[in-house]
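coords_5.cif follows; it contains mmCIF, C-alpha atoms.
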data_upload
#
loop_
_atom_site.group_PDB
_atom_site.id
_atom_site.type_symbol
_atom_site.label_atom_id
_atom_site.label_comp_id
_atom_site.auth_asym_id
_atom_site.auth_seq_id
_atom_site.Cartn_x
_atom_site.Cartn_y
_atom_site.Cartn_z
ATOM 1 C CA MET A 1 0.000 0.000 0.000
ATOM 2 C CA GLU A 2 1.215 3.468 -0.924
ATOM 3 C CA ILE A 3 0.025 6.757 0.543
ATOM 4 C CA ARG A 4 0.381 9.904 -1.525
ATOM 5 C CA THR A 5 -0.863 13.493 -1.366
ATOM 6 C CA LEU A 6 -4.310 14.294 -2.775
ATOM 7 C CA GLN A 7 -4.393 15.922 -6.227
ATOM 8 C CA ILE A 8 -7.135 17.829 -8.037
ATOM 9 C CA SER A 9 -7.371 14.903 -10.451
ATOM 10 C CA ASP A 10 -8.558 12.681 -7.572
ATOM 11 C CA GLN A 11 -11.872 14.530 -7.360
ATOM 12 C CA GLN A 12 -13.675 12.633 -10.108
ATOM 13 C CA PRO A 13 -12.524 9.132 -9.011
ATOM 14 C CA ILE A 14 -13.486 9.846 -5.389
ATOM 15 C CA ILE A 15 -16.842 11.491 -6.149
ATOM 16 C CA SER A 16 -17.780 8.607 -8.440
ATOM 17 C CA VAL A 17 -17.347 5.955 -5.712
ATOM 18 C CA LEU A 18 -18.417 7.967 -2.676
ATOM 19 C CA ASN A 19 -22.084 6.998 -2.443
ATOM 20 C CA GLU A 20 -21.240 3.335 -3.109
ATOM 21 C CA TRP A 21 -18.523 3.257 -0.441
ATOM 22 C CA TRP A 22 -21.047 4.754 2.005
ATOM 23 C CA GLY A 23 -23.543 1.956 1.356
ATOM 24 C CA GLY A 24 -25.778 4.002 -0.924
ATOM 25 C CA ARG A 25 -26.016 7.121 1.253
ATOM 26 C CA GLU A 26 -25.950 10.419 -0.684
ATOM 27 C CA MET A 27 -22.586 11.855 0.336
ATOM 28 C CA ALA A 28 -21.117 13.512 -2.761
ATOM 29 C CA HIS A 29 -22.525 16.952 -1.895
ATOM 30 C CA MET A 30 -20.286 16.983 1.189
ATOM 31 C CA LEU A 31 -17.146 17.014 -0.966
ATOM 32 C CA PRO A 32 -17.318 20.049 -3.240
ATOM 33 C CA ALA A 33 -14.293 20.873 -5.398
ATOM 34 C CA LEU A 34 -12.842 23.290 -2.853
ATOM 35 C CA PHE A 35 -11.596 20.359 -0.756
ATOM 36 C CA PHE A 36 -9.612 19.038 -3.741
ATOM 37 C CA HIS A 37 -8.110 22.435 -4.565
ATOM 38 C CA HIS A 38 -7.116 24.023 -1.278
ATOM 39 C CA PHE A 39 -6.205 21.408 1.353
ATOM 40 C CA ASN A 40 -3.927 19.043 -0.554
ATOM 41 C CA GLN A 41 -0.930 18.930 1.799
ATOM 42 C CA THR A 42 -3.071 17.460 4.593
ATOM 43 C CA SER A 43 -5.189 15.149 2.413
ATOM 44 C CA PHE A 44 -4.078 11.723 1.271
ATOM 45 C CA ILE A 45 -4.871 8.854 -1.067
ATOM 46 C CA SER A 46 -4.087 5.232 -0.320
ATOM 47 C CA GLU A 47 -3.369 3.058 -3.357
ATOM 48 C CA GLU A 48 -2.951 -0.678 -3.814
ATOM 49 C CA ASN A 49 -1.443 -1.696 -7.171
ATOM 50 C CA GLY A 50 -2.407 1.694 -8.578
ATOM 51 C CA GLU A 51 -6.046 1.432 -7.482
ATOM 52 C CA MET A 52 -7.436 3.933 -4.981
ATOM 53 C CA VAL A 53 -8.455 1.977 -1.869
ATOM 54 C CA GLY A 54 -8.843 4.834 0.599
ATOM 55 C CA PHE A 55 -8.635 8.570 1.129
ATOM 56 C CA LEU A 56 -8.498 11.120 3.948
ATOM 57 C CA ILE A 57 -9.347 14.800 3.547
ATOM 58 C CA GLY A 58 -8.262 17.088 6.347
ATOM 59 C CA PHE A 59 -7.056 20.622 6.946
ATOM 60 C CA LEU A 60 -5.291 22.850 9.436
ATOM 61 C CA SER A 61 -7.700 24.951 11.475
ATOM 62 C CA GLN A 62 -7.167 28.624 10.635
ATOM 63 C CA THR A 63 -8.994 29.731 13.795
ATOM 64 C CA HIS A 64 -7.224 27.476 16.289
ATOM 65 C CA PRO A 65 -3.463 27.212 15.663
ATOM 66 C CA SER A 66 -3.081 23.939 17.576
ATOM 67 C CA GLU A 67 -5.989 22.154 15.866
ATOM 68 C CA VAL A 68 -6.662 20.173 12.715
ATOM 69 C CA TYR A 69 -9.913 18.865 11.306
ATOM 70 C CA ILE A 70 -10.575 15.643 9.399
ATOM 71 C CA HIS A 71 -13.514 16.173 7.060
ATOM 72 C CA PHE A 72 -13.770 12.821 5.327
ATOM 73 C CA VAL A 73 -12.195 9.365 5.432
ATOM 74 C CA GLY A 74 -13.263 6.548 3.143
ATOM 75 C CA VAL A 75 -12.040 3.010 2.536
ATOM 76 C CA HIS A 76 -12.990 0.809 -0.411
ATOM 77 C CA PRO A 77 -15.559 -1.790 0.795
ATOM 78 C CA ASN A 78 -13.415 -4.666 -0.541
ATOM 79 C CA TYR A 79 -10.370 -3.457 1.389
ATOM 80 C CA ARG A 80 -11.803 -2.970 4.855
ATOM 81 C CA ASN A 81 -10.255 -4.499 7.992
ATOM 82 C CA GLN A 82 -6.825 -4.195 6.418
ATOM 83 C CA LYS A 83 -5.748 -1.169 8.472
ATOM 84 C CA ILE A 84 -5.929 1.147 5.448
ATOM 85 C CA GLY A 85 -7.883 3.749 7.404
ATOM 86 C CA GLN A 86 -5.507 3.440 10.333
ATOM 87 C CA ALA A 87 -2.520 4.018 8.049
ATOM 88 C CA LEU A 88 -4.185 7.119 6.570
ATOM 89 C CA TYR A 89 -4.962 8.546 10.022
ATOM 90 C CA ARG A 90 -1.400 7.898 11.204
ATOM 91 C CA HIS A 91 0.062 9.484 8.084
ATOM 92 C CA PHE A 92 -2.131 12.526 8.694
ATOM 93 C CA PHE A 93 -1.198 12.685 12.405
ATOM 94 C CA GLN A 94 2.512 12.641 11.538
ATOM 95 C CA LYS A 95 2.095 15.338 8.899
ATOM 96 C CA VAL A 96 0.153 17.732 11.131
ATOM 97 C CA GLN A 97 2.439 17.165 14.128
ATOM 98 C CA LYS A 98 5.262 18.466 11.932
ATOM 99 C CA GLU A 99 3.081 21.572 11.434
ATOM 100 C CA GLY A 100 2.927 22.010 15.219
ATOM 101 C CA ARG A 101 -0.640 20.776 15.615
ATOM 102 C CA SER A 102 -1.655 18.690 18.617
ATOM 103 C CA ILE A 103 -5.472 18.416 18.601
ATOM 104 C CA VAL A 104 -7.429 16.508 15.950
ATOM 105 C CA ARG A 105 -11.165 17.058 15.594
ATOM 106 C CA CYS A 106 -13.735 15.225 13.512
ATOM 107 C CA ILE A 107 -17.410 14.259 13.608
ATOM 108 C CA THR A 108 -19.683 11.429 12.577
ATOM 109 C CA SER A 109 -23.410 10.671 12.504
ATOM 110 C CA PRO A 110 -24.951 9.108 15.639
ATOM 111 C CA GLN A 111 -26.377 6.356 13.395
ATOM 112 C CA ASN A 112 -22.904 5.363 12.214
ATOM 113 C CA LYS A 113 -22.046 2.957 15.045
ATOM 114 C CA ASP A 114 -19.105 1.480 13.128
ATOM 115 C CA SER A 115 -17.569 4.925 12.737
ATOM 116 C CA ILE A 116 -18.084 5.739 16.425
ATOM 117 C CA ALA A 117 -16.414 2.485 17.494
ATOM 118 C CA TYR A 118 -13.634 2.977 14.947
ATOM 119 C CA HIS A 119 -12.780 6.456 16.198
ATOM 120 C CA GLN A 120 -12.734 5.240 19.783
ATOM 121 C CA ARG A 121 -10.319 2.457 18.826
ATOM 122 C CA MET A 122 -8.164 5.095 17.094
ATOM 123 C CA GLY A 123 -7.872 6.968 20.399
ATOM 124 C CA PHE A 124 -10.486 9.667 19.816
ATOM 125 C CA THR A 125 -12.667 10.683 22.771
ATOM 126 C CA ILE A 126 -16.287 11.765 22.420
ATOM 127 C CA CYS A 127 -16.905 15.393 23.416
ATOM 128 C CA SER A 128 -19.863 16.123 25.708
ATOM 129 C CA GLY A 129 -22.966 17.150 23.796
ATOM 130 C CA ASP A 130 -26.492 18.266 24.601
ATOM 131 C CA ALA A 131 -28.193 14.862 24.285
ATOM 132 C CA LEU A 132 -27.584 11.190 24.957
ATOM 133 C CA ILE A 133 -28.574 8.819 22.134
ATOM 134 C CA ASP A 134 -28.043 5.075 22.674
ATOM 135 C CA GLY A 135 -25.634 5.974 25.465
ATOM 136 C CA ILE A 136 -23.537 8.251 23.227
ATOM 137 C CA GLN A 137 -23.073 12.005 23.755
ATOM 138 C CA VAL A 138 -24.520 13.807 20.732
ATOM 139 C CA HIS A 139 -24.608 17.438 19.574
ATOM 140 C CA THR A 140 -28.118 17.903 18.195
ATOM 141 C CA ASN A 141 -28.510 19.980 15.004
ATOM 142 C CA TYR A 142 -24.713 20.323 14.865
ATOM 143 C CA ASP A 143 -24.586 20.619 11.070
ATOM 144 C CA GLY A 144 -28.016 22.262 10.747
ATOM 145 C CA ALA A 145 -31.590 21.234 11.570
ATOM 146 C CA GLY A 146 -31.860 17.461 11.943
ATOM 147 C CA SER A 147 -28.141 16.887 11.405
ATOM 148 C CA ASP A 148 -27.058 15.582 14.798
ATOM 149 C CA ARG A 149 -23.388 14.707 15.152
ATOM 150 C CA VAL A 150 -21.032 12.862 17.482
ATOM 151 C CA VAL A 151 -18.012 15.144 18.009
ATOM 152 C CA PHE A 152 -14.553 13.606 18.495
ATOM 153 C CA GLU A 153 -11.268 14.942 19.748
ATOM 154 C CA LYS A 154 -7.831 13.366 19.923
ATOM 155 C CA LYS A 155 -4.699 14.819 21.454
ATOM 156 C CA LEU A 156 -1.523 13.919 19.577
ATOM 157 C CA MET B 157 -23.256 49.182 9.123
ATOM 158 C CA GLU B 158 -20.684 47.297 11.162
ATOM 159 C CA ILE B 159 -18.513 44.410 9.989
ATOM 160 C CA ARG B 160 -17.192 41.955 12.549
ATOM 161 C CA THR B 161 -15.458 38.576 12.545
ATOM 162 C CA LEU B 162 -17.596 35.430 12.297
ATOM 163 C CA GLN B 163 -18.197 33.544 15.544
ATOM 164 C CA ILE B 164 -19.383 29.997 16.203
ATOM 165 C CA SER B 165 -22.600 31.479 17.587
ATOM 166 C CA ASP B 166 -23.395 32.860 14.111
ATOM 167 C CA GLN B 167 -24.020 29.366 12.733
ATOM 168 C CA GLN B 168 -27.616 28.996 13.874
ATOM 169 C CA PRO B 169 -28.741 32.515 12.796
ATOM 170 C CA ILE B 170 -27.132 32.058 9.368
ATOM 171 C CA ILE B 171 -28.355 28.508 8.765
ATOM 172 C CA SER B 172 -31.895 29.506 9.743
ATOM 173 C CA VAL B 173 -32.123 32.257 7.060
ATOM 174 C CA LEU B 174 -29.990 30.676 4.347
ATOM 175 C CA ASN B 175 -32.659 28.997 2.220
ATOM 176 C CA GLU B 176 -34.900 32.069 2.487
ATOM 177 C CA TRP B 177 -32.113 34.450 1.442
ATOM 178 C CA TRP B 178 -31.443 32.177 -1.558
ATOM 179 C CA GLY B 179 -35.053 32.424 -2.713
ATOM 180 C CA GLY B 180 -36.074 29.004 -1.399
ATOM 181 C CA ARG B 181 -33.126 27.018 -2.764
ATOM 182 C CA GLU B 182 -31.818 24.304 -0.438
ATOM 183 C CA MET B 183 -28.424 25.705 0.549
ATOM 184 C CA ALA B 184 -27.936 24.865 4.233
ATOM 185 C CA HIS B 185 -26.073 21.613 3.489
ATOM 186 C CA MET B 186 -23.297 23.701 1.907
ATOM 187 C CA LEU B 187 -22.460 25.325 5.233
ATOM 188 C CA PRO B 188 -21.612 22.571 7.716
ATOM 189 C CA ALA B 189 -20.328 23.556 11.149
ATOM 190 C CA LEU B 190 -16.687 23.271 10.115
ATOM 191 C CA PHE B 191 -16.901 26.625 8.322
ATOM 192 C CA PHE B 192 -18.011 28.310 11.571
ATOM 193 C CA HIS B 193 -15.274 26.684 13.644
ATOM 194 C CA HIS B 194 -12.105 26.837 11.599
ATOM 195 C CA PHE B 195 -12.062 29.843 9.254
ATOM 196 C CA ASN B 196 -13.197 32.689 11.486
ATOM 197 C CA GLN B 197 -10.422 35.218 10.846
ATOM 198 C CA THR B 198 -11.322 35.415 7.158
ATOM 199 C CA SER B 199 -15.112 35.255 7.589
ATOM 200 C CA PHE B 200 -17.270 38.242 8.419
ATOM 201 C CA ILE B 201 -20.731 39.332 9.513
ATOM 202 C CA SER B 202 -22.326 42.623 8.507
ATOM 203 C CA GLU B 203 -24.775 44.064 11.036
ATOM 204 C CA GLU B 204 -27.219 46.954 10.905
ATOM 205 C CA ASN B 205 -28.591 48.019 14.306
ATOM 206 C CA GLY B 206 -27.592 44.649 15.723
ATOM 207 C CA GLU B 207 -29.357 42.653 13.010
ATOM 208 C CA MET B 208 -27.327 40.412 10.693
ATOM 209 C CA VAL B 209 -27.748 41.758 7.153
ATOM 210 C CA GLY B 210 -24.935 39.926 5.405
ATOM 211 C CA PHE B 211 -22.091 37.464 5.780
ATOM 212 C CA LEU B 212 -19.002 36.270 3.925
ATOM 213 C CA ILE B 213 -17.248 32.974 4.586
ATOM 214 C CA GLY B 214 -13.782 32.591 3.140
ATOM 215 C CA PHE B 215 -10.458 30.943 3.879
ATOM 216 C CA LEU B 216 -6.780 30.984 3.001
ATOM 217 C CA SER B 217 -5.837 28.270 0.522
ATOM 218 C CA GLN B 218 -3.486 25.790 2.210
ATOM 219 C CA THR B 219 -2.356 24.408 -1.152
ATOM 220 C CA HIS B 220 -1.645 27.706 -2.910
ATOM 221 C CA PRO B 221 0.094 30.255 -0.662
ATOM 222 C CA SER B 222 -0.950 33.260 -2.768
ATOM 223 C CA GLU B 223 -4.632 32.295 -2.996
ATOM 224 C CA VAL B 224 -7.825 32.658 -0.984
ATOM 225 C CA TYR B 225 -11.243 31.185 -1.564
ATOM 226 C CA ILE B 226 -14.658 32.700 -0.854
ATOM 227 C CA HIS B 227 -17.113 29.903 -0.124
ATOM 228 C CA PHE B 228 -20.300 31.814 0.589
ATOM 229 C CA VAL B 229 -21.608 35.378 0.559
ATOM 230 C CA GLY B 230 -25.180 36.263 1.475
ATOM 231 C CA VAL B 231 -27.099 39.512 1.885
ATOM 232 C CA HIS B 232 -30.509 39.887 3.541
ATOM 233 C CA PRO B 233 -33.155 40.304 0.778
ATOM 234 C CA ASN B 234 -34.441 43.535 2.373
ATOM 235 C CA TYR B 235 -30.966 45.065 2.390
ATOM 236 C CA ARG B 236 -29.846 44.445 -1.180
ATOM 237 C CA ASN B 237 -28.495 47.192 -3.458
ATOM 238 C CA GLN B 238 -27.023 48.937 -0.444
ATOM 239 C CA LYS B 239 -23.429 47.865 -1.106
ATOM 240 C CA ILE B 240 -23.415 45.484 1.879
ATOM 241 C CA GLY B 241 -21.913 42.689 -0.220
ATOM 242 C CA GLN B 242 -19.345 45.072 -1.679
ATOM 243 C CA ALA B 243 -18.291 46.166 1.807
ATOM 244 C CA LEU B 244 -17.895 42.536 2.903
ATOM 245 C CA TYR B 245 -15.793 41.660 -0.149
ATOM 246 C CA ARG B 246 -13.592 44.728 0.380
ATOM 247 C CA HIS B 247 -13.150 43.938 4.060
ATOM 248 C CA PHE B 248 -12.122 40.410 3.105
ATOM 249 C CA PHE B 249 -9.731 41.640 0.386
ATOM 250 C CA GLN B 250 -7.997 43.970 2.873
ATOM 251 C CA LYS B 251 -7.700 41.206 5.453
ATOM 252 C CA VAL B 252 -6.192 38.641 3.092
ATOM 253 C CA GLN B 253 -3.827 41.151 1.490
ATOM 254 C CA LYS B 254 -2.349 41.639 4.956
ATOM 255 C CA GLU B 255 -1.806 37.858 4.949
ATOM 256 C CA GLY B 256 0.182 38.175 1.714
ATOM 257 C CA ARG B 257 -2.531 36.787 -0.542
ATOM 258 C CA SER B 258 -3.107 38.207 -4.019
ATOM 259 C CA ILE B 259 -5.522 35.880 -5.850
ATOM 260 C CA VAL B 260 -9.172 35.438 -4.848
ATOM 261 C CA ARG B 261 -11.172 32.503 -6.180
ATOM 262 C CA CYS B 262 -14.861 31.706 -5.952
ATOM 263 C CA ILE B 263 -17.601 30.006 -7.957
ATOM 264 C CA THR B 264 -21.293 30.336 -8.699
ATOM 265 C CA SER B 265 -23.992 28.404 -10.531
ATOM 266 C CA PRO B 266 -24.448 29.137 -14.273
ATOM 267 C CA GLN B 267 -28.166 29.741 -13.545
ATOM 268 C CA ASN B 268 -27.349 32.527 -11.094
ATOM 269 C CA LYS B 269 -27.119 35.386 -13.597
ATOM 270 C CA ASP B 270 -27.279 38.023 -10.853
ATOM 271 C CA SER B 271 -24.292 36.477 -9.108
ATOM 272 C CA ILE B 272 -22.313 36.279 -12.366
ATOM 273 C CA ALA B 273 -22.990 39.943 -13.144
ATOM 274 C CA TYR B 274 -22.232 40.922 -9.548
ATOM 275 C CA HIS B 275 -18.840 39.222 -9.544
ATOM 276 C CA GLN B 276 -17.937 40.834 -12.844
ATOM 277 C CA ARG B 277 -18.827 44.267 -11.429
ATOM 278 C CA MET B 278 -16.628 43.451 -8.410
ATOM 279 C CA GLY B 279 -13.680 42.921 -10.756
ATOM 280 C CA PHE B 280 -13.686 39.132 -10.954
ATOM 281 C CA THR B 281 -12.902 37.529 -14.312
ATOM 282 C CA ILE B 282 -14.471 34.288 -15.501
ATOM 283 C CA CYS B 283 -11.959 31.451 -15.950
ATOM 284 C CA SER B 284 -12.123 29.434 -19.163
ATOM 285 C CA GLY B 285 -14.151 26.261 -18.775
ATOM 286 C CA ASP B 286 -15.089 23.269 -20.906
ATOM 287 C CA ALA B 287 -18.485 24.538 -22.094
ATOM 288 C CA LEU B 288 -20.237 27.732 -23.124
ATOM 289 C CA ILE B 289 -23.712 28.228 -21.616
ATOM 290 C CA ASP B 290 -25.632 31.398 -22.556
ATOM 291 C CA GLY B 291 -22.321 32.884 -23.648
ATOM 292 C CA ILE B 292 -20.650 32.188 -20.295
ATOM 293 C CA GLN B 293 -17.639 29.893 -19.790
ATOM 294 C CA VAL B 294 -18.708 27.037 -17.533
ATOM 295 C CA HIS B 295 -16.897 24.124 -15.845
ATOM 296 C CA THR B 296 -19.282 21.195 -16.219
ATOM 297 C CA ASN B 297 -19.640 18.792 -13.266
ATOM 298 C CA TYR B 298 -17.256 21.022 -11.294
ATOM 299 C CA ASP B 299 -18.776 20.144 -7.913
ATOM 300 C CA GLY B 300 -19.833 16.617 -8.933
ATOM 301 C CA ALA B 301 -22.201 15.171 -11.513
ATOM 302 C CA GLY B 302 -24.693 17.779 -12.685
ATOM 303 C CA SER B 303 -23.155 20.556 -10.594
ATOM 304 C CA ASP B 304 -21.790 22.896 -13.259
ATOM 305 C CA ARG B 305 -20.054 26.029 -12.007
ATOM 306 C CA VAL B 306 -18.816 29.390 -13.262
ATOM 307 C CA VAL B 307 -15.303 29.838 -11.857
ATOM 308 C CA PHE B 308 -14.083 33.334 -10.956
ATOM 309 C CA GLU B 309 -10.683 34.781 -10.235
ATOM 310 C CA LYS B 310 -9.641 38.220 -9.078
ATOM 311 C CA LYS B 311 -6.125 39.552 -8.626
ATOM 312 C CA LEU B 312 -5.752 41.945 -5.694
#
Give the structure from this file in structure tokens form.
Amino acid sequence: MEIRTLQISDQQPIISVLNEWWGGREMAHMLPALFFHHFNQTSFISEENGEMVGFLIGFLSQTHPSEVYIHFVGVHPNYRNQKIGQALYRHFFQKVQKEGRSIVRCITSPQNKDSIAYHQRMGFTICSGDALIDGIQVHTNYDGAGSDRVVFEKKL
Amino acid sequence: MEIRTLQISDQQPIISVLNEWWGGREMAHMLPALFFHHFNQTSFISEENGEMVGFLIGFLSQTHPSEVYIHFVGVHPNYRNQKIGQALYRHFFQKVQKEGRSIVRCITSPQNKDSIAYHQRMGFTICSGDALIDGIQVHTNYDGAGSDRVVFEKKL
């Protein structure tokens, strides 16, 4: 497996598999072109024999100089449980530590139990929210009306 | 009119008026919380007697050190043609020039003729695309399948 920096030319391949990788959920609108143009140094593609098998899109917070944010991570359904996501996260952590960042933030949907468990295994803690859903702290309407989110933080 | 820096607490007021300000179009999904948390120094609110009458959300490109990107600009429908947008753009231009940036990028939908004309009046040029729609250069599928965009650039 090789990890390389995201390029503008990765937009079309990623957008075209996004909904399928997310089990049919409509996700493509969450990755407009701006993420492929302006945050390349902290976004990565994982390839296996030249095929894209995973990606991570993150950026340095411009408000909080010690923080970074991971917007999206995806792994090809046929390549799961092979530590591809873990390798992408670790590559990202190393990169942003070199930039002097020490706090990683990201979110997921309360429904996405696999994602919640995954982030906890990766050392993320769940930030206190304003509601408890299935025993998990949730920020209601975090991304707008009806878009509740679980909010994660990890100190590097 | 006063212009101040965007705060996290501006998310709910903005999200709640967004679709109305855009004439009923569904826009709220384009402004997830991350834009209110991580790009505050280059995002601004315009207020008139304490009421929000406009906002601009932009960021410094992390890929291109001379570039900035404006993601969203909105003006209250009752306060249009009062140069509120112009003041927000100019405030942003001044801010990012101090950060050593000289190229501003943004996009709009080909259908949004008012926005196209507005950006041209503000000194933006339209970048060459891969199609000509109503005499305007357009990048087809720029933000994903079916999401054509007019791409603007302005040198400061």
Checklist line | Length of the CA of Lys269 in chain B to CA of Thr296 in chain B vector [Å] | finding: 16.4 Å
Item checked: Resolved residues for the PyMOL selection byres ((chain B) within 9 of (chain A)) as an NGL selection string -> :B and (167-168 or 171-172 or 184-190 or 193-198 or 215-220 or 223-225 or 227 or 298-301)
Please return, as a PDB file with C-alpha atoms, in the coordinates of the input, all polymer residues that have at least one atom within 10 Å of the point (-26.7, 40.5, 9.2); use all atoms listed in the file and the file's own coordinate frame.
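The result, written out as selection_16.pdb:
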ATOM      1  CA  MET B 157     -23.256  49.182   9.123  1.00  0.00           C
ATOM      2  CA  GLU B 158     -20.684  47.297  11.162  1.00  0.00           C
ATOM      3  CA  ILE B 159     -18.513  44.410   9.989  1.00  0.00           C
ATOM      4  CA  ASP B 166     -23.395  32.860  14.111  1.00  0.00           C
ATOM      5  CA  PRO B 169     -28.741  32.515  12.796  1.00  0.00           C
ATOM      6  CA  ILE B 170     -27.132  32.058   9.368  1.00  0.00           C
ATOM      7  CA  PHE B 200     -17.270  38.242   8.419  1.00  0.00           C
ATOM      8  CA  ILE B 201     -20.731  39.332   9.513  1.00  0.00           C
ATOM      9  CA  SER B 202     -22.326  42.623   8.507  1.00  0.00           C
ATOM     10  CA  GLU B 203     -24.775  44.064  11.036  1.00  0.00           C
ATOM     11  CA  GLU B 204     -27.219  46.954  10.905  1.00  0.00           C
ATOM     12  CA  ASN B 205     -28.591  48.019  14.306  1.00  0.00           C
ATOM     13  CA  GLY B 206     -27.592  44.649  15.723  1.00  0.00           C
ATOM     14  CA  GLU B 207     -29.357  42.653  13.010  1.00  0.00           C
ATOM     15  CA  MET B 208     -27.327  40.412  10.693  1.00  0.00           C
ATOM     16  CA  VAL B 209     -27.748  41.758   7.153  1.00  0.00           C
ATOM     17  CA  GLY B 210     -24.935  39.926   5.405  1.00  0.00           C
ATOM     18  CA  PHE B 211     -22.091  37.464   5.780  1.00  0.00           C
ATOM     19  CA  GLY B 230     -25.180  36.263   1.475  1.00  0.00           C
ATOM     20  CA  VAL B 231     -27.099  39.512   1.885  1.00  0.00           C
ATOM     21  CA  HIS B 232     -30.509  39.887   3.541  1.00  0.00           C
ATOM     22  CA  TYR B 235     -30.966  45.065   2.390  1.00  0.00           C
ATOM     23  CA  ILE B 240     -23.415  45.484   1.879  1.00  0.00           C
TER      24      ILE B 240
END
Next item on the list: Kindly extract all protein, DNA and RNA residues lying within 8 Å of the coordinates (-0.3, 11.5, 18.4) given in the file, considering all atoms listed in the file, and supply them as a list in words.
Entry: Phe93, Gln94, Gln97, Ser102, Lys154, Lys155 and Leu156 of chain A
Next item on the list: Point out the residue among A:Val17, A:Val150, A:Ile57, A:Ala87 with the least atom-to-atom distance to Asn112 in chain A, counting only C-alpha atoms.
Entry: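 The shortest atom-to-atom distance to Asn112 in chain A comes from A:Val150.
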Check: Can you tell me how far CA of Pro110 in chain A sits from CA of Asn19 in chain A, in Å to one decimal?
Finding: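 Distance between the two atoms: 18.4 Å.
Considering all atoms listed in the file, the residue among B:Asp270, B:Ser265, B:Trp177, B:Met278 positioned nearest to Gln293 in chain B is B:Ser265.
We find CA of His139 in chain A and CA of Leu212 in chain B to be spaced 25.1 Å apart.
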Centre, edges in Å (one decimal): axis-aligned box, range 47-59 of chain A, 6 Å padding on all six sides, as lines of an AutoDock Vina configuration file:
center_x = -5.4
center_y = 9.5
center_z = -0.8
size_x = 19.9
size_y = 34.3
size_z = 27.5
Checklist line | Minimum-distance residue to Gln120 in chain A, chosen among A:Val73, A:Phe152, A:Val138, A:Val104 (using all atoms listed in the file) | finding: A:Phe152
